[in-house]
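A short worksheet on the structure shown next.
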Amino acid sequence: MEASDTEHLIQKDELPPAVPKGGINELLNVTKEGINGQMEDIGGMIVYSVYMGLLQMQLILHYDITYREVKYSNLGLQNIDQKMLMGINVTPIIGLLYTPILIRFLGTKWMMFLASGIYALFVSTNYWERYYTLVPSAVAIGVAIVPLWASLGNYITRMAQQYYEYVNYKEEHVQEQKKLPQGACHTYIIVFQSIFYFTFNLSLVFAQFPMRLFLHTSLQDYNHTLFNVKHCGAQIRGMIPDFNTTVLITLPRSMMLIQFLVLCGPAYRPTEEIDLRSIGWGNIFQLPFKHLRDYRLRLLCPFFIYSGFEILFVLSGFSISYGVCVLGLKQLWLLIVCYGLSGSIFSCLALSLLRFPRWVALIGGAVVHAVLIVVLLCWSPEPRRPDYLAPMLIIAVLWGLGTALNKTGLSIILGMLYEDKERLDFVFTIYHWWQAIAIFIVYLWSSMPMRAKLSILLAILLVSCYCYAVMELRLAKKIHFRLPRQRLPLPGGGQL
Amino acid sequence: MPLPNRPCILCWLTAICYLTTMNRGSAASIQKKTSCSVRHDSADCSHMSLNDIPQNLPGNITHLDMSHNRLICLPGASFALYSGLLHLDVGFNSLTKLDETLCLTLVRLQMLNLERNEVHVLQEKDLSHCVHLKVLNMASNRLKLKAKEGNPFASLENLTTLDVSKNMLVSAMLGTRPQLPSLVALTLSHNAISALKQDDFLFLSLSTSLRVLNLSNLPLKKFENGCFKLRTLTLAKSLTGTLDLDPSPFGPLTNLNILDLSNNNIANINAGMLKGLVNLMVLKMQHNNLARVWKSANIGGPVLFLKDLGSLTVLNMDYNGLDEIPVDALMGLKKLKELSFNGNVLNSLRDSVFQDLLSLQELHLQKNLITAVRPQVFKPAMENLSLLDMGRNPFDCTCESILWFVTWLNATNTSVMGSKDQFTCNTPLAYFNLTVMDFDSLSCKDSTPFQALYILSSTIVIAVMLVALLVRFHGWRIQFYWNVLINRTLGFSDVKVEEGREFEYDAYVIHAEEDDKWVKRSLLPLEKEKYVFFKESRDFVPGTSLLNAIVDNMKKSRKFLFVVSESLLNDSWCRRFKAHQALHQVIEDSRDSVILVFLQDVHDYRLSQALFLRRGMLQPRCLLYWPVHQERVPAFRHKLRIALGMTNTQKL
């Protein structure tokens with residue numbers, strides 16, 4: 001096995017390549033790949049905004065004891081919700097085992113199609129919330145989450161490469177389907193990933209619409225919900241201790257939920273088939289693990305974990321234990337909208353990588369987050385203080401900035417480091433698998449003290465920055481890394 | 001109607017008229033009456049501490065009340081003046097025995113009340129002359145009536161009511177031979193009867209009009225088959241715990257209308273106990289201990305002892321500790337009008353438990369543990385209800401449990417016993433102690449179509465996914481079968497009829513040297529199906545000029561089949577000359593006759609550079625891709641046949 005792995009030497013080039021000739025003109029044209037990329041972004045955004053909006057509303061409604069008991073008296077909704085969250089958070093752990101096989105078997109596009117179908121199925125179970133509908137669909141989502149994100153990342157990167165090929169169709173290496181020259185399509189990767197995250201982060205904004213439009217009027221204000229709450233922020237343990245068990249003034253009528261479920265439906269995305277031919281199932285199964293031998297990927301792992309941590313921390317830890325605890329449940333949507341908007345807008349900052357070295361995005365995001373974590377560590381605001389709205393919003397916006405830089409930075413770096421299209425899905429699988437592990441850890445730690453959570457977050461962030469720096473230094477020194485060889489059979493198999 | 005548990009003494013007392021004051025020489029104290037009061041033909045001498053019958057009363061009286069005195073005996077001689085008496089009340093005295101001369105004197109006597117005396121022996125001769133007696137009350141004496149005393153009531157042919165309750169009887173057998181032909185009501189309650197033997201009621205076999213047999217408050221332990229022909233049987237407080245007898249003692253009581261088994265602490269009963277009681281209308285079983293009998297965990301299943309009582313109209317099962325009702329327990333009780341389960345611990349009732357109770361008018365379910373009132377259970381029972389008594393239950397005010405009930409309560413005309421504030425919610429916390437009428441039914445609205453919507457939307461999602469994946473992975477197969485179907489029915493084309501004669505070959509195969517193997521293996525087998533290909537390396541006539549041969553043979557070929565691969569694009573001979581020539585031929589003949597078979601995926605730009613062809617220039621059916629999967633080869637071949645069979649002349 002060791003002998004079969006070939007060693008590669010990477011030539012590092014700091015500067016992004018110039019846009020090839022004719023590219024500018026072609027960029028103006030709306031091309032097939034461009035449309036497909038946009039469709040993909042928008043499709044993913046719709047699926048995720050519907051999914052997250054529903055999940056959030058469902059959790060809030062189910063939290064209210066009166067709603068729970070009046071509507072679903074002996075159903076054990078809380079138990080179902082716990083199982084559901086467990087299904088969503090725990091199942092992805094085994095994602096590493098099957099994701100590459102699934103992607104190879106179905107192809108990237110069909111994998112995304114299947115995954116969005118599963119999300120649609122979950123959404124439709126919200127019509128009929130029972131144990132036998134919610135829990136299986138939640139487990140299905142858990143199964144689909146890593147393949148979906150791996151194929152999304154893979155797809156966006158491949159789209160960028162294809163777009164490069166399309167624009168530069170006259171180049172020799174494009175015509176003969178040879179390996180692209182080093183760094184040739186970095187520009188496209190940066191642009192495509194920025195656009196993707198710009199669109200995707202908007203899903204957080206849209207996800208708040210159902211809550212704002214339908215649930216907002218029936219929510220109790222902070223004097224009721226936070227009546228017994230003594231502490232907020234860094235001092236507390238768990239989510240919000242002594243949060244009132246009734247949060248609804250009136251029980252909302254179920255009818256209103258229908259209106260936005262109609263939005264959902266798996267959008268069929270006609271795209272060019274990405275050709276990932278079979279290289280043997282057993283081999284595919286091993287390849288994600290073999291890729292972990294590559295020190296670049298190993299050193300990026302802490303960042304992958306951090307990337308999972310921070311998104312869940314802001315959505316569950318910060319917005320609940322700080323935001324809701326101080327401002328009340330009514331302001332939750334505002335915080336998340338601000339976070340999503342800033343994430344969306346600042347994703348465009350990643351375009352600066354066209355001019356700056358690639359570490360700028362990642363390290364910039366890390367610095368912002370580190371400062372915020374330190375601030376949060378020291379800050380234990382009192383509950384029921386609506387005048388703290390402004391600082392909360394500023395933190396949410398800044399965190400969104402950090403998230404945007406982190407996510408786009410990571411995806412762009414992966415796209416830059418692994419230009420070989422045969423490896424992309426393995427690399428993205430590993431990335432999102434580590435993220436899933438991080439999400440699972442966040443799920444486990446929900447009852448820990450806030451300071452402990454923040455400290456873990458900060459430690460992981462520092463470790464990942466250090467590891468990233470080590471990796472860049474090693475690359476600068478041109479130290480060899482190992483890549484598993486992939487035996488690619490000829491098209492047509494043994495029939496020729 | 002149920003029988004009263006105690007003899008109706010007061011009825012008789014009110015029937016006796018008051019006596020006028022006649023007894024002036026009475027030794028009574030100041031508080032007591034000093035003389036009997038006489039009014040019309042009635043004399044009242046009660047409460048006067050008399051030792052004898054006063055002799056100064058009018059001779060024509062028919063009613064005499066001597067109760068609450070100190071009489072010790074009743075010799076017939078003391079009534080000599082009052083031989084016209086019809087009613088005589090000597091209750092609450094100290095009589096120890098009866099004198100046979102009494103009835104000899106009072107021949108017309110119809111009612112005799114001997115309640116609360118000390119009579120301990122009753123011989124056959126004592127009542128032998130009282131043939132006109134209709135009512136005899138001997139309650140609260142000390143009668144034992146041993147067998148040797150014979151048949152003391154044998155001569156009472158007109159007796160309709162006999163009360164021997166609260167005595168010391170050890171056997172229900174009041175006689176050894178059939179007697180008392182006119183008896184209607186017999187009260188045997190509060191005695192020491194511990195067993196009802198088979199022939200105990202033999203003496204009643206002539207009593208065809210017997211309607212009421214009161215056996216309440218007996219320490220019954222054994223219960224043998226009797227020969228009752230009763231309408232009412234009251235066994236309240238008379239049994240001790242078990243009613244698990246076989247054969248059933250009630251078996252012969254086919255005429256029984258009312259059966260009172262209340263207050264017996266009955267814990268055991270068998271399914272056939274009430275089997276023959278086809279005319280039973282009222283069954284009272286309150287204050288028993290029948291909880292175990294109806295448990296589903298009971299060994300051998302729940303005992304369905306009500307199953308044959310088709311004409312039952314009133315059923316009372318109050319205070320039995322019941323916590324469940326078996327599904328079939330009340331089946332068949334179609335005439336039931338009044339059902340009472342007060343004071344049990346009923347919690348969740350199974351669906352269709354009340355299914356047959358369509359004529360129910362009164363339903364009592366007070367003080368149970370009922371939380372949910374669901375239509376599946378209560379709808380049949382509540383259709384014709386006129387009285388509902390269901391308060392003091394811990395109602396669970398949730399959509400599933402109470403919504404239907406609240407809607408029903410708001411709409412119904414049924415009178416609800418107790419004010420509606422007895423219907424209070426216990427759970428959830430938000431509704432605790434509020435009346436169910438406050439339940440906000442709006443919050444439950446619209447929950448009905450959701451299941452349908454769920455099924456609809458998930459079906460659509462799953463169907464779309466399955467169809468898409470099916471098309472993705474087996475679309476080629478579907479297309480293949482479709483093509484085969486079309487071609488079997490319509491045929492490939494009519495080309496051969498029109499063009500077949502001009503051409504020698506069906507297709508001129510243009511391929512690179514490297515693809516020779518593929519052509520031989522995958523293309524030439526089609527020649528077995530009367531296709532004729534021109535393959536250069538095989539069909540060139542040796543010696544002719546290569547260029548001429550190509551040009552000539554191309555003219556003789558109906559189609560040009562390009563086997564496109566990287567090597568073809570690099571083969572300058574194919575690219576330059578053959579492709580040019582083929583296209584020239586196409587333009588010259590104004591025919592659309594190019595077929596491209598792609599062995600590899602080739603960029604369109606490169607294709608146009610090498611062969612001056614673009615995919616867009618050709619009909620989709622003329623573009624064929626050699627499949628990677630072995631199983632798709634037949635589909636490829638079929639497509640090739642279609643492409644070869646297509647008509648060439650361009651439509652104008």
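Labeling convention for the structure tokens: chains A, B, ... as they appear, residues from 1 per chain, ligands from 1 in order of appearance.
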Return the neighbours of chain A among the residues of chain B, cut-off 6 Å, counting only C-alpha atoms, as a list in words.
-> Thr398, Cys399, Ser443, Asp446, Phe450, Gln451, Tyr454, Ser457, Ser458 and Val628 of chain B
Write out as a short mmCIF file (atom, residue, chain, number, x, y, z; two decimals) with N, CA and C atoms, in the first residue's frame which residues come within 10 Å of Arg177 (chain B) when counting only C-alpha atoms, dropping same-chain ones fewer than 3 positions away.
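Ended up saving to result.cif:
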```
data_model
loop_
_atom_site.label_atom_id
_atom_site.label_comp_id
_atom_site.auth_asym_id
_atom_site.auth_seq_id
_atom_site.Cartn_x
_atom_site.Cartn_y
_atom_site.Cartn_z
N GLY B 150 -93.70 -27.36 61.69
CA GLY B 150 -94.65 -27.66 60.62
C GLY B 150 -94.88 -26.51 59.69
N ASN B 151 -96.11 -26.31 59.31
CA ASN B 151 -96.44 -25.32 58.32
C ASN B 151 -97.35 -24.26 58.93
N ALA B 154 -99.75 -22.43 56.52
CA ALA B 154 -100.38 -23.27 55.51
C ALA B 154 -101.83 -22.87 55.24
N MET B 173 -87.02 -21.96 54.33
CA MET B 173 -88.14 -22.85 54.14
C MET B 173 -89.20 -22.58 55.22
N LEU B 174 -90.27 -21.91 54.83
CA LEU B 174 -91.31 -21.56 55.78
C LEU B 174 -92.39 -22.64 55.84
N LEU B 180 -99.68 -20.99 50.48
CA LEU B 180 -99.71 -19.55 50.20
C LEU B 180 -99.98 -19.27 48.73
N PHE B 201 -87.62 -23.21 48.63
CA PHE B 201 -88.76 -22.42 48.15
C PHE B 201 -89.84 -23.29 47.55
N LEU B 202 -89.78 -24.58 47.91
CA LEU B 202 -90.79 -25.49 47.42
C LEU B 202 -92.19 -25.07 47.88
N PHE B 203 -92.22 -24.49 49.08
CA PHE B 203 -93.54 -24.10 49.62
C PHE B 203 -94.16 -22.97 48.81
N LEU B 204 -93.39 -22.34 47.95
CA LEU B 204 -93.93 -21.25 47.13
C LEU B 204 -94.38 -21.73 45.75
N SER B 205 -94.35 -23.03 45.56
CA SER B 205 -94.59 -23.49 44.19
C SER B 205 -96.03 -23.25 43.76
N LEU B 206 -96.93 -23.01 44.71
CA LEU B 206 -98.29 -22.67 44.33
C LEU B 206 -98.47 -21.16 44.15
#
```
Compile the contact shell of Ser446 (chain A) as a PyMOL selection string: residues with an atom at most 10 Å away, counting only C-alpha atoms, same-chain residues fewer than 6 positions apart removed.
-> chain A and resi 237-239+313+316-317+453
Nearby residues (only C-alpha atoms) at most 12 Å from Glu527 (chain B), same-chain spacing under 4 positions excluded, as a VMD selection string = chain B and resid 505 to 507 519 to 523 531 to 535 637 641
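For the pair CA of Phe304 (chain A) and CA of Ser137 (chain A), the separation is 26.3 Å.
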Neighbours of region 347-362 of chain A within 8 Å (only C-alpha atoms; same-chain residues fewer than 4 positions away dropped), as a count of residues only?
-> 20
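The spacing separating CA of Lys83 (chain A) from CA of Trp333 (chain A) amounts to 25.2 Å.
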Among region 181-312 of chain B, which ones does DSSP place in helix (DSSP H, G or I), written as a short mmCIF file (atom, residue, chain, number, x, y, z; two decimals) with N, CA and C atoms, in the first residue's frame?
```
data_model
loop_
_atom_site.label_atom_id
_atom_site.label_comp_id
_atom_site.auth_asym_id
_atom_site.auth_seq_id
_atom_site.Cartn_x
_atom_site.Cartn_y
_atom_site.Cartn_z
N LEU B 202 -89.78 -24.58 47.91
CA LEU B 202 -90.79 -25.49 47.42
C LEU B 202 -92.19 -25.07 47.88
N PHE B 203 -92.22 -24.49 49.08
CA PHE B 203 -93.54 -24.10 49.62
C PHE B 203 -94.16 -22.97 48.81
N LEU B 204 -93.39 -22.34 47.95
CA LEU B 204 -93.93 -21.25 47.13
C LEU B 204 -94.38 -21.73 45.75
N ARG B 292 -61.91 -6.86 39.45
CA ARG B 292 -61.03 -7.89 38.89
C ARG B 292 -61.71 -8.63 37.74
N VAL B 293 -63.02 -8.81 37.89
CA VAL B 293 -63.75 -9.61 36.91
C VAL B 293 -63.66 -9.01 35.51
N TRP B 294 -63.58 -7.69 35.45
CA TRP B 294 -63.54 -7.03 34.14
C TRP B 294 -62.15 -6.62 33.71
#
```
Leaving out Ser248 (chain B) and any residue of its chain fewer than 5 positions from it, which residues lie within 8 Å of it when counting only C-alpha atoms, given as a list in words?
-> Asn225, Gly272, Met273, Leu274 and Lys275 of chain B
Exercise: Lys134 (chain B) partners within 10 Å, only C-alpha atoms, chain neighbours under 6 positions left out, as a PyMOL selection string = chain B and resi 86-87+109-112+156-162+182-183
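Across B:Thr407, B:Thr234, B:Ser83, B:Gln286, the tightest approach to Thr62 (chain B) is made by B:Ser83 when counting only C-alpha atoms.
Secondary structure by DSSP on the backbone puts the following residues of region 342-515 of chain B in strand (DSSP E or B): Glu362, Leu363, His364, Leu387, Leu388, Asp389, Phe395, Asp396, Ser415, Val416, Thr424, Cys425, Asn426, Thr427, Thr435, Tyr505, Asp506, Ala507, Tyr508, Val509 and Ile510 of chain B.
Distance annotation: of A:Tyr339, A:Tyr306, A:Tyr166, A:Phe428, the residue with the minimal separation from Thr99 (chain A) is A:Phe428; atom set is only C-alpha atoms.
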